[in-house]
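Presented below is the structure to which this report refers.
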Amino acid sequence: MYLDNSATTQVSEEVFEEMEPYFMEEFGNPSTLYKIGRESKKALNLARQRVADAINAKPDEIIFTSGGSESDNLAIKGIAFKFLNQGKHIITTEIEHPAVKDTLNFLESFDFKVTYLQVYENGIIKIEDLIEAITPETILITIMHGNNEIGTIQPIEEIGKIAREKGIIFHTDAVQTFGKIEVDVEKLNVDLLSLSSHKINGPKGVGAIYIKKGVRLVPLIHGGGQERGIRSGTENVPGIVGFGKACELAASQLDEHYEKLASIRDELIEKVLTTIPEAYLNGDEEKRLPNVVNFRFKAIEGESLILLLDAKGYQASTGSACSSNKLEASPVLTSLGLDPVDVHGSLRVSLAPESDEFDVDEFVATIQEAVARLREMSPLWNQELDYDGVMCSKHGDNCRMC
Ligand SMILES: *Cc1c(COP(=O)(O)O)cnc(C)c1O
């Protein structure tokens with residue numbers, strides 16, 4: 001049972017079928033004038049229309065990219081370099097995806113100043129903090145819509161309203177919300193918005209950025225002038241076709257999928273919190289995605305939990321240090337003000353609408369058993385055991401978990 005849909009999703013049958021002809025028969029370059037090229041161009045236009053329709057934008061406001069990461073980079077660097085002479089201050093949050101966070105860190109090495117808004121215990125920023133952070137130097141606000149680890153949803157509409165009043169460009173990463181809750185660029189008051197295909201049952205390596213009419217930015221990739229000169233390079237036609245189809249499907253099934261996912265999510269939260277001792281929900285209880293749940297269990301190590309669950313056929317993820325190649329506990333969970341030891345005991349479950357055969361009771365029983373087993377061995381759970389002075393080769397002698 002695959003429960004890591006925030007990491008990636010399976011390409012759906014309809015998407016795959018739509019893409020297939022564009023690998024072999026319809027291989028034309030969309031920039032060429034003869035029939036086979038024109039056919040590719042037509043396919044691109046249809047995909048552009050589908051993406052635009054799914055977010056209430058116009059087709060000429062959609063630029064195809066290689067995915068969410070590129071869209072985030074393009075939005076942030078593109079605006080930063082365009083408005084270099086008008087100010088060098090950017091506002092964001094503590095819990096952005098690395099595609100935003102690391103891009104901002106990069107800009108800091110070029111003298112940009114970045115304010116990281118606190119998200120508090122529920123994982124959501126306070127509007128007062130945003131208003132306070134704005135200076136005459138502020139050129140960009142970039143705040144994600146839905147968080148990929150804890151599933152919390154930021155007040156994008158309100159943030160967008162403030163940005164517009166102050167004349168500041170506003171970007172949001174909507175990779176996790178798109179296809180899960182309504183993403184309407186008009187209602188959200190955004191200037192730039194990032195999308196990715198592989199999080200909505202489309203192929204990997206393709207995505208888009210919405211650029212509101214009139215907003216100017218500097219391209220990341222220069223060259224043949226494709227995508228109105230904003231993103232040069234011969235288009236990934238099969239990928240874009242698949243992404244377009246995935247958008248159409250996601251938009252047409254939005255309400256149905258929301259109901260289904262939210263009900264499984266709520267059942268899962270209720271059962272985990274009531275049957276497993278010292279289990280907690282990370283992030284806001286209400287302002288959250290229908291498909292992402294993040295728990296923490298006292299005195300266990302997330303990576304061990306993931307491995308035990310995997311052995312029982314469940315693929316989920318954790319914000320624990322050991323599981324990432326950075327050996328650093330999830331900055332998102334740390335931003336909630338949790339004790340770093342508790343951050344190690346996290347479990348993220350991200351559901352897919354097609355997981356019909358998912359049995360919540362069976363899954364909760366499996367977690368319960370795994371958690372109990374890990375706690376039996378946990379010095380933190382069995383406080384009488386002395387763990388002082390135990391040295392962990394990975395994290396040094398401060399590690400109380402390994
Ligand atoms: C997955 C993800 C990205 C990156 O998208 P890619 O298409 O994998 O580059 C960016 N932001 C968020 C919130 C994500 O979940």
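Every chain in the structure tokens has a letter given in the order shown (A, B, ...), and although residue numbers restart at 1 in each chain, ligands are simply numbered from 1 in the order shown.
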
When the cut-off is 8 Å and you count only C-alpha atoms and all ligand atoms, which residues lie near ligand 1, shown as a VMD selection string?
-> chain A and resid 6 to 8 66 to 72 96 to 100 144 to 148 173 to 176 194 to 199 204 to 207

Name the residues in contact with Ile156 of chain A at a cut-off of 10 Å, using only C-alpha atoms, excluding same-chain residues fewer than 2 positions from it; report them as a list in words.
->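 What passes the distance filter is Ile143, Met144, His145, Gly146, Ile153, Gln154, Glu158, Ile159, Gly160, Lys161, Ile162, Phe170, His171, Thr172, Lys187, Leu188, Asn189 and Val190 of chain A.
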
Who sits within 8 Å of Ser378 of chain A, only C-alpha atoms, same chain under 2 positions skipped, as JSON, numbers by chain | {"A": [299, 300, 374, 375, 376, 380, 381, 382, 401]}

List as CSV every residue of segment 46-135 of chain A that is in contact with segment 223-238 of chain A, defined as an atom at most 8 Å from one of its atoms (using only C-alpha atoms), together with the nearest atom pair and the distance in Å rounded to one decimal, sorted by chain and then rising number.
residue,atom,partner,partner_atom,distance
A:Ile63,CA,A:Glu227,CA,5.9
A:Phe64,CA,A:Glu227,CA,7.1
A:Thr65,CA,A:Arg231,CA,7.0

With a distance cut-off of 9 Å and only C-alpha atoms, select the neighbouring residues of Thr93 of chain A, excluding the residue or stretch itself and same-chain residues fewer than 3 positions from it, and output the selection as a PyMOL selection string.
-> chain A and resi 96+101+115-119+125+142-144

Using only C-alpha atoms, which residues sit within 12 Å of Leu107 of chain A once same-chain residues fewer than 2 positions away are excluded, as a PyMOL selection string?
-> chain A and resi 73+76-81+84+88-90+100-105+109-114

Just how far from atom CA of Ser40 of chain A is atom CA of Glu26 of chain A, in Å to one decimal?
->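 Taking atom CA of Glu26 of chain A and atom CA of Ser40 of chain A, their separation equals 6.7 Å.
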
Would you list, as a VMD selection string, the residues of segment 260-361 of chain A that end up in strand (DSSP E) under DSSP run on this structure's backbone?
-> chain A and resid 279 to 281 292 to 297 346 to 350

Enumerate, in order of chain and increasing residue number, the residues of segment 187-305 of chain A with an atom no farther than 6 Å from segment 339-349 of chain A, each with its shortest atom pair and distance in Å to one decimal, counting only C-alpha atoms, as JSON lines.
{"residue": "A:Val292", "atom": "CA", "partner": "A:Val349", "partner_atom": "CA", "distance": 5.9}
{"residue": "A:Val293", "atom": "CA", "partner": "A:Val349", "partner_atom": "CA", "distance": 5.3}
{"residue": "A:Asn294", "atom": "CA", "partner": "A:Arg348", "partner_atom": "CA", "distance": 4.4}
{"residue": "A:Phe295", "atom": "CA", "partner": "A:Leu347", "partner_atom": "CA", "distance": 5.2}
{"residue": "A:Arg296", "atom": "CA", "partner": "A:Ser346", "partner_atom": "CA", "distance": 4.1}
{"residue": "A:Phe297", "atom": "CA", "partner": "A:Gly345", "partner_atom": "CA", "distance": 5.1}
{"residue": "A:Ile300", "atom": "CA", "partner": "A:Gly345", "partner_atom": "CA", "distance": 5.0}
{"residue": "A:Glu301", "atom": "CA", "partner": "A:Gly345", "partner_atom": "CA", "distance": 4.9}
{"residue": "A:Gly302", "atom": "CA", "partner": "A:Gly345", "partner_atom": "CA", "distance": 4.6}

Put those residues in a file: N, CA and C atoms, as a JSON list (two decimals), in the first residue's frame.
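Output (selection.json):
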[["chain", "number", "residue", "atom", "x", "y", "z"],
["A", 292, "VAL", "N", -2.89, 14.59, 3.40],
["A", 292, "VAL", "CA", -1.61, 14.50, 4.11],
["A", 292, "VAL", "C", -1.83, 14.52, 5.63],
["A", 293, "VAL", "N", -1.28, 13.54, 6.32],
["A", 293, "VAL", "CA", -1.34, 13.49, 7.77],
["A", 293, "VAL", "C", 0.07, 13.29, 8.29],
["A", 294, "ASN", "N", 0.41, 14.02, 9.35],
["A", 294, "ASN", "CA", 1.72, 13.86, 9.96],
["A", 294, "ASN", "C", 1.56, 13.66, 11.46],
["A", 295, "PHE", "N", 2.02, 12.50, 11.93],
["A", 295, "PHE", "CA", 1.93, 12.17, 13.35],
["A", 295, "PHE", "C", 3.30, 12.20, 13.98],
["A", 296, "ARG", "N", 3.32, 12.29, 15.29],
["A", 296, "ARG", "CA", 4.57, 11.99, 15.99],
["A", 296, "ARG", "C", 4.25, 11.07, 17.16],
["A", 297, "PHE", "N", 5.16, 10.14, 17.38],
["A", 297, "PHE", "CA", 5.02, 9.16, 18.45],
["A", 297, "PHE", "C", 6.20, 9.33, 19.38],
["A", 300, "ILE", "N", 10.20, 7.14, 19.79],
["A", 300, "ILE", "CA", 10.60, 6.18, 18.77],
["A", 300, "ILE", "C", 11.41, 6.90, 17.70],
["A", 301, "GLU", "N", 12.05, 6.14, 16.85],
["A", 301, "GLU", "CA", 12.84, 6.71, 15.77],
["A", 301, "GLU", "C", 12.09, 6.45, 14.46],
["A", 302, "GLY", "N", 11.79, 7.53, 13.75],
["A", 302, "GLY", "CA", 10.95, 7.44, 12.55],
["A", 302, "GLY", "C", 11.45, 6.49, 11.48]]

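With only C-alpha atoms taken into account, the protein and nucleic acid residues at most 12 Å from Leu268 of chain A (excluding it and anything under 5 positions from it in its own chain) are A:Leu261, A:Ala262, A:Ser263, A:Leu273, A:Thr274, A:Thr275, A:Ile276, A:Leu281, A:Pro290, A:Asn291, A:Val292, A:Val293, A:Asn294, A:Phe295, A:Arg348, A:Val349, A:Ser350, A:Leu351, A:Phe358, A:Asp359, A:Val360, A:Asp361, A:Glu362, A:Phe363, A:Val364, A:Ala365, A:Ile367.
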
Let's have the selection written as a CSV table (one decimal), in the first residue's frame, with N, CA, C and O atoms.
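Final output, selection_25.csv:
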chain,number,residue,atom,x,y,z
A,261,LEU,N,-10.9,11.6,0.3
A,261,LEU,CA,-9.7,11.6,1.0
A,261,LEU,C,-9.8,12.2,2.4
A,261,LEU,O,-9.3,11.7,3.4
A,262,ALA,N,-10.6,13.2,2.5
A,262,ALA,CA,-10.8,13.9,3.8
A,262,ALA,C,-11.5,12.9,4.8
A,262,ALA,O,-11.1,12.9,6.0
A,263,SER,N,-12.4,12.1,4.3
A,263,SER,CA,-13.0,11.1,5.2
A,263,SER,C,-12.0,10.0,5.7
A,263,SER,O,-12.0,9.7,6.9
A,273,LEU,N,-4.9,8.6,17.1
A,273,LEU,CA,-4.8,9.4,18.3
A,273,LEU,C,-5.5,8.7,19.5
A,273,LEU,O,-5.1,8.9,20.7
A,274,THR,N,-6.5,7.9,19.2
A,274,THR,CA,-7.2,7.2,20.3
A,274,THR,C,-6.7,5.8,20.7
A,274,THR,O,-6.8,5.4,21.8
A,275,THR,N,-6.0,5.2,19.7
A,275,THR,CA,-5.6,3.8,20.0
A,275,THR,C,-4.1,3.7,20.4
A,275,THR,O,-3.7,2.8,21.1
A,276,ILE,N,-3.3,4.7,20.0
A,276,ILE,CA,-1.8,4.6,20.3
A,276,ILE,C,-1.5,5.7,21.4
A,276,ILE,O,-1.8,6.9,21.2
A,281,LEU,N,-0.8,14.7,16.5
A,281,LEU,CA,-0.9,15.2,15.2
A,281,LEU,C,0.0,16.4,15.0
A,281,LEU,O,-0.1,17.3,15.8
A,290,PRO,N,-6.5,17.4,2.3
A,290,PRO,CA,-7.3,16.2,2.6
A,290,PRO,C,-6.5,14.9,2.6
A,290,PRO,O,-7.0,13.9,3.1
A,291,ASN,N,-5.3,15.0,2.0
A,291,ASN,CA,-4.6,13.7,1.8
A,291,ASN,C,-3.3,13.6,2.6
A,291,ASN,O,-2.6,12.5,2.5
A,292,VAL,N,-2.9,14.6,3.4
A,292,VAL,CA,-1.6,14.5,4.1
A,292,VAL,C,-1.8,14.5,5.6
A,292,VAL,O,-2.5,15.4,6.1
A,293,VAL,N,-1.3,13.5,6.3
A,293,VAL,CA,-1.3,13.5,7.8
A,293,VAL,C,0.1,13.3,8.3
A,293,VAL,O,0.8,12.5,7.7
A,294,ASN,N,0.4,14.0,9.4
A,294,ASN,CA,1.7,13.9,10.0
A,294,ASN,C,1.6,13.7,11.5
A,294,ASN,O,1.0,14.5,12.1
A,295,PHE,N,2.0,12.5,11.9
A,295,PHE,CA,1.9,12.2,13.3
A,295,PHE,C,3.3,12.2,14.0
A,295,PHE,O,4.3,12.1,13.3
A,348,ARG,N,4.8,10.6,8.2
A,348,ARG,CA,3.9,11.2,7.2
A,348,ARG,C,3.2,10.2,6.4
A,348,ARG,O,3.8,9.3,5.8
A,349,VAL,N,1.9,10.3,6.3
A,349,VAL,CA,1.1,9.4,5.5
A,349,VAL,C,0.4,10.3,4.5
A,349,VAL,O,-0.3,11.2,4.8
A,350,SER,N,0.6,10.0,3.2
A,350,SER,CA,-0.1,10.8,2.2
A,350,SER,C,-0.8,9.9,1.2
A,350,SER,O,-0.3,9.1,0.6
A,351,LEU,N,-2.1,10.1,1.2
A,351,LEU,CA,-3.1,9.2,0.6
A,351,LEU,C,-3.3,9.6,-0.9
A,351,LEU,O,-3.1,10.7,-1.3
A,358,PHE,N,-7.6,0.6,0.8
A,358,PHE,CA,-6.9,0.9,2.0
A,358,PHE,C,-7.8,0.7,3.3
A,358,PHE,O,-8.9,1.3,3.4
A,359,ASP,N,-7.3,-0.1,4.1
A,359,ASP,CA,-8.1,-0.5,5.3
A,359,ASP,C,-7.5,0.3,6.5
A,359,ASP,O,-6.4,-0.1,7.0
A,360,VAL,N,-8.1,1.3,7.0
A,360,VAL,CA,-7.6,2.1,8.1
A,360,VAL,C,-7.3,1.3,9.3
A,360,VAL,O,-6.3,1.5,10.0
A,361,ASP,N,-8.3,0.5,9.7
A,361,ASP,CA,-8.1,-0.3,10.9
A,361,ASP,C,-6.8,-1.2,10.9
A,361,ASP,O,-6.1,-1.2,11.9
A,362,GLU,N,-6.7,-1.8,9.8
A,362,GLU,CA,-5.5,-2.7,9.6
A,362,GLU,C,-4.2,-1.9,9.7
A,362,GLU,O,-3.3,-2.3,10.3
A,363,PHE,N,-4.2,-0.7,9.0
A,363,PHE,CA,-3.0,0.1,9.0
A,363,PHE,C,-2.7,0.7,10.4
A,363,PHE,O,-1.6,0.6,10.9
A,364,VAL,N,-3.8,1.1,11.1
A,364,VAL,CA,-3.5,1.6,12.5
A,364,VAL,C,-3.0,0.5,13.4
A,364,VAL,O,-2.1,0.7,14.2
A,365,ALA,N,-3.6,-0.7,13.3
A,365,ALA,CA,-3.1,-1.8,14.1
A,365,ALA,C,-1.6,-2.1,13.8
A,365,ALA,O,-0.8,-2.4,14.7
A,367,ILE,N,0.6,0.1,12.7
A,367,ILE,CA,1.4,1.2,13.3
A,367,ILE,C,1.5,0.9,14.8
A,367,ILE,O,2.6,1.0,15.4
